[in-house]
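To keep things clear, I will list the structure first and then write my remarks on it.
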Amino acid sequence: MFYLNSFENQKRMSTQDLLLRIAEQVAQGETQFTIAAQGQHDLGGPLWNKDGTKLQFWISNPGQRVGAMALSNTEIVVQGSAPADVGWLNAGGEITVLGDCGDTAGHSAAEGKIYIAGRAGTRSGSLMKKDPTADDPELWIYKSTGSFSFEFMLGGKAVICGMDVDQRQSVLGDRPCIGMVGGTVYVRGKIPELTPEVCVKALNADDESFLRQGLPQFLAKINQISALDELSKFSLWQKIVPNQSYTPVTRRSLQDFRLESWISGGIFQDVFPDKFASNGLVARGIYRLRVPIWRNNLGAAPKEKDKRVNSCRDCRICAVNCPEAAISREVQNEQVVYTSNAELCIGCGICVGVCPEGIWVLEDNFELKSMDG
Amino acid sequence: METVTTQDITVNDLDFIIHYNPDICIMCGSCVAQCSFNAIEVAPQVRKHEPTQEGAKQGHKKKILFVIRQKTDLAHACVGCGMCVKVCPNQALSIEANPESRKNLLARTQGVIKRGGRASSYSLRTLDKIMVGRISQMTDPALDSERHTFDLRAPLGRILKAQDLPLKVDGQSLSLEKNCPPVRWIYPLLFSDMSIGAISTRAWEAIALACAYLNEECHLPVRMCSGEGGMPLKLLKSEQLKYMLLQIGSGHFGWNRIIKSLPLMRTDPAGIIIKIGQGAKPGDGGLLPKKKVAPHIQAIRGVPETALHSPPTHQGLYSIEESVQKMHLSLNAAFGFRVPVVIKCAASLTSVAVYNNLLRDPYHISGGFFLDGLQGGTGAACEISLEHTGHPIVSKLRDCYLTSVAQGLQGQIPLWVGGGVGLTGQAAADCFKLICLGANGVFVGKILLQLLGCVGDEHGRCNQCNTGKCPTGICTQDPRLIKRLDIDRGAEAIVNYVLTFDSELKKLLAPIGNSSLPVGRSDALITSDYAVAQKLGIAYAC
């Protein structure tokens with residue numbers, strides 16, 4: 001057993017000196033440490049015995065990040081409370097805090113176990129992970145967490161027992177489990193409204209078995225074994241898991257919304273009825289912008305510089321060039337008559353442009369008075 | 001050959017030149033059929049003919065081709081809308097802006113030029129010289145824009161200081177001792193006032209539809225302003241009225257019908273907006289050309305078929321004090337003091353005086369000051385006003401905000417600003433920067449039309465909103481053209497844009513660590529323009 005008081009002769013060891021002393025002892029084969037700390041950080045990890053023997057730490061008054069990056073075969077017990085980042089990036093250590101923890105306890109823990117006898121602060125359990133080649137990380141908390149707990153959680157198991165908590169308050173603080181996409185949070189006590197990405201479920205047999213197995217161990221570690229009966233009432237527990245059936249809210253199409261929830265028939269129905277069908281840029285019939293008119297011998301002025309009488313010479317060039325084959329030629333009373341079929345014609349005016357006699361003229365189409373007629 | 005004289009107007013005098021490739025044109029007629037400006041036509045073109053041996057015997061030296069040709073008279077000059085390019089199956093057409101155009105000069109020989117759109121002469125955008133330069137990294141925590149929750153709501157209505165709230169203790173709770181000025185907390189992007197008549201029934205309804213959809217399907221409390229062209233009766237009598245701000249302009253169009261609908265309203269509107277001026281054409285009133293005063297517009301506005309000019313100012317107002325008294329009080333009273341009444345002015349050198357007066361209003365009946373900058377759009381204005389009057393929004397907003405700060409009155413009368421917001425397509429960045437400079441929210445109009453399909457821009461493309469010939473069916477009352485606008489697709493584009501706006505706004509909020517709107521957080525902004533830094537009181541960086 002290596003015992004170290006980090007505050008001697010009115011002088012506090014720096015974090016660096018303390019960590020180097022511990023590393024030196026580990027290298028020499030020491031496996032048991034009792035550290036009376038004075039707020040030095042990063043105690044407990046990452047350290048390893050070259051023979052694979054377990055390293056054990058008993059720490060009082062630590063600074064931040066106790067057990068941060070701890071490896072397996074590291075066991076840490078904190079006598080009393082610990083500030084922020086307990087077990088941050090835990091890579092396999094077993095960390096017990098016999099008091100409360102500061103913010104982000106268990107943040108990004110990927111393996112190992114963290115046992116907390118009191119409360120854990122804001123953002124505890126955030127970004128907890130699951131390494132497919134290792135056991136799930138576990139975070140056990142006797143009382144409650146601060147807000148934004150288990151934010152962006154990716155995997156692992158968290159257990160919040162909700163003991164000694166004002167029953168009117170959330171045991172997970174406000175806005176827990178935002179962006180949680182993996183893992184399980186077992187919780188006993190009041191929980192606030194959750195984001196739709198996660199859901200609350202009752203425990204199944206596997207869950208109960210996990211808790212039945214883990215609780216005695218946890219409670220023994222934090223000296224609260226008498227609470228086992230109370231905590232074994234599994235009907236009082238729930239679990240929060242990612243909502244597998246969650247799909248980002250599907251919205252109705254605008255058309256469905258208009259037909260189902262918008263003012264029936266449209267807001268201008270009383271003065272300008274509209275069925276909301278739409279046309280392409282090129283339209284036919286009453287929707288054409290312009291219409292060609294065949295004006296044979298109708299008093300149209302002779303073309304400039306061409307003194308011939310303005311009459312159709314039946315050359316058919318209009319009909320041949322019409323892209324929509326809308327022009328038909330008929331003989332009525334021994335007279336040739338050309339007509340443009342409104343249902344086919346798009347009003348392009350090619351007939352007007354190609355006619356050598358200027359018989360076809362293009363006029364604005366004022367046929368349409370309302371949206372549909 | 002016809003004689004061409006130097007004074008004849010030909011293609012190279014016009015703003016846009018249409019390039020045409022007859023080799024790939026199949027003469028389908030689509031381009032000419034759809035041109036709402038009647039700017040192109042089919043015409044014969046005489047070509048030199050390289051005779052074959054057989055043909056040479058017959059002596060043919062010329063041949064005639066039929067081609068698509070651009071008209072050259074000013075009345076039918078191509079406006080560059082590009083619909084012909086869109087519709088051509090073979091890409092046989094392209095349009096080029098002509099830097100040597102003389103149209104700007106020549107058209108003035110035919111009278112005052114009117115057009116719509118935004119000013120193009122003022123191309124400087126202060127907002128583009130400003131960056132979000134304060135990024136929370138080691139100093140304080142940034143947020144995750146996609147996973148954290150944000151409260152993006154802005155006030156509309158008079159905010160009282162806590163000690164002025166008429167609260168009394170009522171047993172275990174607080175209750176109001178007397179009426180408290182109404183405040184609505186709404187989305188900081190407001191669909192601005194474009195009147196029925198200026199835009200088509202379908203375009204107006206598409207915006208209203210998008211607004212309702214954003215509220216009911218996306219839970220964003222977006223509001224829309226009616227514009228000064230009255231309100232559809234069916235909307236006045238519907239629950240969806242709660243999304244609408246009703247505007248009263250100097251022409252007072254449609255207000256008799258709004259007043260007559262009061263007993264029939266099932267809910268209160270979101271607000272009332274008194275329009276004093278418009279950023280695009282300050283000092284000039286609304287203008288609706290006769291061509292657009294179709295029968296249904298006559299019915300909605302309650303007017304005869306004639307060109308509709310709103311007077312440049314409200315004829316009954318002679319001073320700021322009177323404006324507060326008459327307009328604010330009367331409109332507050334008409335809606336039982338339950339609906340915020342706000343005022344909208346064009347940004348001007350005198351804006352601070354107006355804002356100061358509102359801030360000192362002892363009756364607490366002024367619920368917001370809307371400032372409209374010179375890059376705002378319009379459906380019709382004299383080009384001279386559009387291009388040469390107005391005031392940029394950024395410094396004027398800053399002046400107003402800092403005036404209120406100096407008196408400890410900031411935040412009491414919400415400042416909403418617009419005029420060119422989203423001009424570069426990135427409305428969220430504009431909105432964020434303006435909010436950091438002191439705005440509570442922004443309003444947009446032109447980009448909504450552009451989302452519906454409008455192709456007008458600041459480089460002279462189209463902008464024929466005043467002619468009633470809008471090729472996209474947006475700024476017209478011609479049913480043939482309105483029919484081109486797909487209301488659902490148009491509304492969907494607006495909805496999707498606003499959802500992107502929402503994500504992008506958060507993307508800017510997150511790095512500065514704000515989960516609510518950063519009103520007045522000018523410490524987040526930097527500029528590499530020293531004069532801008534000095535004027536706005538933001539950090540200079542280089």
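Letters A, B, ... go to the chains of the structure tokens in the order shown; residues in each chain start at 1; ligands are counted from 1 in the same order.
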task: Pick out the residues sitting within 12 Å of Glu367 of chain A, and hand them over as an MDAnalysis selection string; count only C-alpha atoms, and ignore anything fewer than 4 positions along from it in its own chain.
output: (chainID A and resid 284:291 342 363 371:373) or (chainID B and resid 478:480)
task: Excluding Ser522 of chain B and any residue of its chain fewer than 5 positions from it, enumerate the residues within 10 Å of it, using only C-alpha atoms, and give them as a list in words.
output: Val132, Arg134, Arg398, Lys433, Leu434, Ile435, Cys436, Leu437, Gly438, Leu536, Gly537, Ile538 and Ala539 of chain B
- line: With distances taken over only C-alpha atoms, the candidate from A:Ala109, A:Ala36, A:Ile293, A:Ile317 nearest Gly349 of chain A is A:Ile293
message: Excluding Gly420 of chain B and its own-chain neighbours fewer than 4 positions away, which residues fall within 12 Å of it when counting only C-alpha atoms? Please give them as a PyMOL selection string.
response: chain B and resi 117-120+122-128+192+279-280+371-378+391-394+424-427+430-431+434+442-448+457-458
Go ahead and write the residues just picked, N, CA and C atoms, as a compact mmCIF listing (two decimals), in the first residue's frame.
# COMPACT_ATOMS: atom_id res chain seq x y z
N GLY B 117 -40.00 45.49 -58.99
CA GLY B 117 -38.73 44.88 -58.56
C GLY B 117 -38.00 45.73 -57.54
N ARG B 118 -36.70 45.54 -57.50
CA ARG B 118 -35.89 46.28 -56.54
C ARG B 118 -35.00 47.28 -57.27
N ALA B 119 -34.44 48.20 -56.51
CA ALA B 119 -33.47 49.13 -57.09
C ALA B 119 -32.26 48.35 -57.56
N SER B 120 -31.69 48.75 -58.69
CA SER B 120 -30.49 48.06 -59.13
C SER B 120 -29.26 48.96 -59.03
N TYR B 122 -28.27 50.72 -56.48
CA TYR B 122 -27.61 50.65 -55.18
C TYR B 122 -27.19 49.21 -54.92
N SER B 123 -26.02 48.86 -55.37
CA SER B 123 -25.64 47.46 -55.28
C SER B 123 -24.83 47.15 -54.03
N LEU B 124 -24.45 48.20 -53.28
CA LEU B 124 -23.65 47.96 -52.07
C LEU B 124 -24.52 47.32 -51.01
N ARG B 125 -24.02 46.32 -50.41
CA ARG B 125 -24.77 45.70 -49.31
C ARG B 125 -23.87 45.64 -48.09
N THR B 126 -24.19 46.48 -47.12
CA THR B 126 -23.39 46.49 -45.90
C THR B 126 -23.39 45.11 -45.25
N LEU B 127 -24.54 44.45 -45.32
CA LEU B 127 -24.65 43.15 -44.65
C LEU B 127 -23.60 42.16 -45.15
N ASP B 128 -23.21 42.29 -46.42
CA ASP B 128 -22.22 41.36 -46.96
C ASP B 128 -20.81 41.68 -46.49
N SER B 192 -43.95 39.73 -45.76
CA SER B 192 -44.26 41.14 -45.80
C SER B 192 -45.43 41.46 -46.70
N GLY B 279 -39.97 51.21 -48.46
CA GLY B 279 -38.54 51.42 -48.70
C GLY B 279 -38.17 51.58 -50.16
N ALA B 280 -38.89 50.87 -51.04
CA ALA B 280 -38.54 50.89 -52.45
C ALA B 280 -38.80 52.26 -53.08
N LEU B 371 -39.19 49.22 -40.14
CA LEU B 371 -38.36 50.09 -40.98
C LEU B 371 -38.06 49.36 -42.28
N ASP B 372 -38.32 50.02 -43.39
CA ASP B 372 -38.17 49.38 -44.70
C ASP B 372 -37.05 50.08 -45.47
N GLY B 373 -36.01 49.37 -45.80
CA GLY B 373 -34.84 49.96 -46.45
C GLY B 373 -34.97 50.06 -47.95
N LEU B 374 -34.00 50.73 -48.56
CA LEU B 374 -34.17 51.08 -49.98
C LEU B 374 -34.03 49.90 -50.93
N GLN B 375 -33.62 48.76 -50.45
CA GLN B 375 -33.54 47.63 -51.37
C GLN B 375 -34.80 46.77 -51.34
N GLY B 376 -35.85 47.31 -50.77
CA GLY B 376 -37.12 46.60 -50.78
C GLY B 376 -37.69 46.57 -52.19
N GLY B 377 -38.60 45.66 -52.41
CA GLY B 377 -39.20 45.52 -53.73
C GLY B 377 -40.52 46.26 -53.81
N THR B 378 -41.03 46.35 -55.03
CA THR B 378 -42.33 46.97 -55.24
C THR B 378 -42.96 46.36 -56.48
N HIS B 391 -33.12 54.95 -48.15
CA HIS B 391 -32.04 54.96 -47.16
C HIS B 391 -31.71 53.51 -46.83
N PRO B 392 -30.41 53.19 -46.78
CA PRO B 392 -30.06 51.81 -46.43
C PRO B 392 -30.58 51.46 -45.03
N ILE B 393 -30.89 50.21 -44.84
CA ILE B 393 -31.55 49.81 -43.60
C ILE B 393 -30.57 49.62 -42.44
N VAL B 394 -29.35 49.18 -42.74
CA VAL B 394 -28.49 48.70 -41.66
C VAL B 394 -28.15 49.80 -40.66
N THR B 424 -29.37 38.09 -51.54
CA THR B 424 -28.38 37.16 -52.09
C THR B 424 -28.84 35.71 -51.98
N GLY B 425 -30.07 35.52 -51.53
CA GLY B 425 -30.58 34.16 -51.36
C GLY B 425 -30.41 33.65 -49.94
N GLN B 426 -29.61 34.36 -49.14
CA GLN B 426 -29.32 33.86 -47.80
C GLN B 426 -29.97 34.74 -46.73
N ALA B 427 -31.27 34.61 -46.63
CA ALA B 427 -32.02 35.47 -45.70
C ALA B 427 -31.64 35.21 -44.25
N ASP B 430 -28.73 37.40 -43.30
CA ASP B 430 -29.17 38.79 -43.18
C ASP B 430 -29.94 38.98 -41.88
N CYS B 431 -30.87 38.07 -41.62
CA CYS B 431 -31.71 38.16 -40.43
C CYS B 431 -30.85 38.14 -39.17
N LEU B 434 -28.89 41.41 -38.74
CA LEU B 434 -29.77 42.53 -38.38
C LEU B 434 -30.24 42.40 -36.93
N VAL B 442 -37.26 40.32 -38.92
CA VAL B 442 -37.16 40.89 -40.27
C VAL B 442 -38.40 40.53 -41.08
N PHE B 443 -38.65 41.32 -42.10
CA PHE B 443 -39.75 40.97 -43.00
C PHE B 443 -39.23 40.86 -44.43
N VAL B 444 -39.81 39.93 -45.17
CA VAL B 444 -39.38 39.67 -46.54
C VAL B 444 -40.58 39.65 -47.48
N GLY B 445 -40.39 40.12 -48.70
CA GLY B 445 -41.46 40.08 -49.68
C GLY B 445 -40.96 39.52 -50.98
N LYS B 446 -39.97 40.20 -51.54
CA LYS B 446 -39.49 39.84 -52.88
C LYS B 446 -39.06 38.37 -52.97
N ILE B 447 -38.35 37.90 -51.94
CA ILE B 447 -37.87 36.51 -52.06
C ILE B 447 -39.04 35.52 -52.07
N LEU B 448 -40.15 35.90 -51.48
CA LEU B 448 -41.31 34.99 -51.52
C LEU B 448 -41.77 34.84 -52.96
N ASP B 457 -34.73 40.41 -61.07
CA ASP B 457 -33.55 40.57 -60.23
C ASP B 457 -33.05 42.01 -60.25
N GLU B 458 -31.89 42.21 -59.63
CA GLU B 458 -31.34 43.56 -59.50
C GLU B 458 -30.46 43.94 -60.69
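Note that atom CA of Ser200 of chain B and atom CA of Thr467 of chain B are 12.6 Å apart.
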Find the residues in chain B near chain A: any atom within 6 Å counts, using only C-alpha atoms. Write them as a compact mmCIF listing (two decimals) with all heavy atoms, in the first residue's frame.
# COMPACT_ATOMS: atom_id res chain seq x y z
N CYS B 28 -40.99 24.70 -83.39
CA CYS B 28 -42.14 24.14 -82.68
C CYS B 28 -43.09 25.24 -82.25
O CYS B 28 -44.23 24.96 -81.86
CB CYS B 28 -41.68 23.33 -81.47
SG CYS B 28 -40.93 24.32 -80.17
N GLY B 29 -42.60 26.47 -82.25
CA GLY B 29 -43.48 27.60 -81.93
C GLY B 29 -43.64 27.88 -80.46
O GLY B 29 -44.31 28.84 -80.07
N VAL B 32 -42.43 31.53 -79.15
CA VAL B 32 -43.28 32.66 -79.54
C VAL B 32 -44.67 32.56 -78.90
O VAL B 32 -45.26 33.57 -78.51
CB VAL B 32 -43.42 32.79 -81.07
CG1 VAL B 32 -42.39 33.73 -81.61
CG2 VAL B 32 -43.35 31.46 -81.76
N ALA B 33 -45.16 31.32 -78.78
CA ALA B 33 -46.51 31.16 -78.23
C ALA B 33 -46.59 31.65 -76.79
O ALA B 33 -47.58 32.24 -76.37
CB ALA B 33 -46.94 29.69 -78.29
N GLN B 34 -45.52 31.41 -76.01
CA GLN B 34 -45.63 31.69 -74.58
C GLN B 34 -45.20 33.10 -74.20
O GLN B 34 -45.41 33.52 -73.06
CB GLN B 34 -44.83 30.66 -73.78
CG GLN B 34 -43.33 30.69 -74.00
CD GLN B 34 -42.64 31.88 -73.40
OE1 GLN B 34 -43.00 32.30 -72.31
NE2 GLN B 34 -41.68 32.43 -74.12
N VAL B 42 -42.22 35.06 -85.58
CA VAL B 42 -41.72 34.23 -86.67
C VAL B 42 -41.64 35.12 -87.91
O VAL B 42 -42.59 35.85 -88.21
CB VAL B 42 -42.67 33.04 -86.94
CG1 VAL B 42 -42.18 32.24 -88.14
CG2 VAL B 42 -42.78 32.19 -85.70
N ALA B 43 -40.51 35.08 -88.59
CA ALA B 43 -40.37 35.95 -89.75
C ALA B 43 -39.53 35.26 -90.81
O ALA B 43 -38.70 34.41 -90.49
CB ALA B 43 -39.72 37.26 -89.33
N ARG B 147 -29.22 19.57 -32.72
CA ARG B 147 -29.81 18.74 -31.67
C ARG B 147 -30.30 19.54 -30.46
O ARG B 147 -31.16 19.09 -29.74
CB ARG B 147 -28.83 17.66 -31.27
CG ARG B 147 -28.58 16.70 -32.44
CD ARG B 147 -27.66 15.58 -32.10
NE ARG B 147 -26.29 16.01 -31.95
CZ ARG B 147 -25.25 15.15 -31.88
NH1 ARG B 147 -25.46 13.86 -31.92
NH2 ARG B 147 -24.03 15.59 -31.75
N LYS B 234 -63.41 35.68 -47.19
CA LYS B 234 -63.42 34.33 -46.61
C LYS B 234 -62.32 34.16 -45.58
O LYS B 234 -62.48 33.43 -44.61
CB LYS B 234 -63.26 33.29 -47.74
CG LYS B 234 -64.53 33.13 -48.56
CD LYS B 234 -64.44 31.94 -49.49
CE LYS B 234 -64.50 30.63 -48.72
NZ LYS B 234 -64.42 29.47 -49.63
N LEU B 235 -61.20 34.82 -45.81
CA LEU B 235 -60.10 34.74 -44.86
C LEU B 235 -60.42 35.54 -43.60
O LEU B 235 -60.11 35.12 -42.47
CB LEU B 235 -58.81 35.23 -45.52
CG LEU B 235 -57.50 35.10 -44.76
CD1 LEU B 235 -57.28 33.67 -44.27
CD2 LEU B 235 -56.33 35.53 -45.62
N HIS B 296 -62.22 41.23 -60.19
CA HIS B 296 -62.16 40.68 -58.83
C HIS B 296 -61.35 41.59 -57.90
O HIS B 296 -61.59 41.61 -56.69
CB HIS B 296 -61.58 39.26 -58.85
CG HIS B 296 -60.21 39.14 -59.46
ND1 HIS B 296 -59.99 39.03 -60.80
CD2 HIS B 296 -58.99 39.13 -58.88
CE1 HIS B 296 -58.69 38.94 -61.04
NE2 HIS B 296 -58.06 38.99 -59.88
N PRO B 479 -56.00 35.91 -66.14
CA PRO B 479 -56.18 34.48 -65.81
C PRO B 479 -55.32 33.55 -66.66
O PRO B 479 -54.91 32.49 -66.20
CB PRO B 479 -57.68 34.24 -66.03
CG PRO B 479 -58.20 35.42 -66.74
CD PRO B 479 -57.26 36.56 -66.48
N ARG B 480 -55.01 33.96 -67.90
CA ARG B 480 -54.17 33.10 -68.75
C ARG B 480 -52.79 32.93 -68.14
O ARG B 480 -52.16 31.88 -68.23
CB ARG B 480 -54.03 33.73 -70.15
CG ARG B 480 -55.33 33.88 -70.90
CD ARG B 480 -55.15 34.70 -72.16
NE ARG B 480 -54.64 36.05 -71.88
CZ ARG B 480 -54.29 36.93 -72.80
NH1 ARG B 480 -54.38 36.61 -74.08
NH2 ARG B 480 -53.85 38.12 -72.47
N LYS B 483 -52.82 31.21 -64.50
CA LYS B 483 -52.96 29.77 -64.68
C LYS B 483 -51.60 29.06 -64.73
O LYS B 483 -51.49 27.86 -64.56
CB LYS B 483 -53.73 29.53 -65.99
CG LYS B 483 -54.39 28.20 -66.13
CD LYS B 483 -55.74 28.16 -65.50
CE LYS B 483 -56.27 26.74 -65.56
NZ LYS B 483 -57.48 26.56 -64.78
N ARG B 484 -50.56 29.81 -65.02
CA ARG B 484 -49.22 29.21 -65.09
C ARG B 484 -48.65 28.91 -63.71
O ARG B 484 -47.66 28.18 -63.59
CB ARG B 484 -48.25 30.18 -65.78
CG ARG B 484 -48.54 30.36 -67.25
CD ARG B 484 -47.54 31.35 -67.84
NE ARG B 484 -47.71 31.44 -69.29
CZ ARG B 484 -46.94 32.19 -70.08
NH1 ARG B 484 -45.97 32.91 -69.55
NH2 ARG B 484 -47.15 32.20 -71.38
N ASP B 486 -48.45 27.22 -60.30
CA ASP B 486 -48.92 26.05 -59.54
C ASP B 486 -48.90 26.42 -58.06
O ASP B 486 -47.85 26.58 -57.46
CB ASP B 486 -47.98 24.86 -59.82
CG ASP B 486 -48.42 23.59 -59.11
OD1 ASP B 486 -49.04 23.69 -58.03
OD2 ASP B 486 -48.14 22.50 -59.63
N ASP B 488 -49.67 24.93 -55.26
CA ASP B 488 -49.11 24.01 -54.26
C ASP B 488 -47.59 23.97 -54.35
O ASP B 488 -46.89 24.00 -53.33
CB ASP B 488 -49.68 22.61 -54.47
CG ASP B 488 -51.20 22.59 -54.30
OD1 ASP B 488 -51.69 23.29 -53.40
OD2 ASP B 488 -51.87 21.90 -55.07
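By chain and then residue number, the residues within 7 Å of Thr15 of chain A are Leu19, Gln40 and His41 of chain A, counting only C-alpha atoms and disregarding those fewer than 4 positions away in sequence.
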message: At a cut-off of 6 Å, using only C-alpha atoms, what residues contact Gly67 of chain A? Leave out same-chain residues fewer than 2 positions from it and give the result as a list in words.
response: Leu43, Gly44, Gly45, Ala70 and Gly87 of chain A
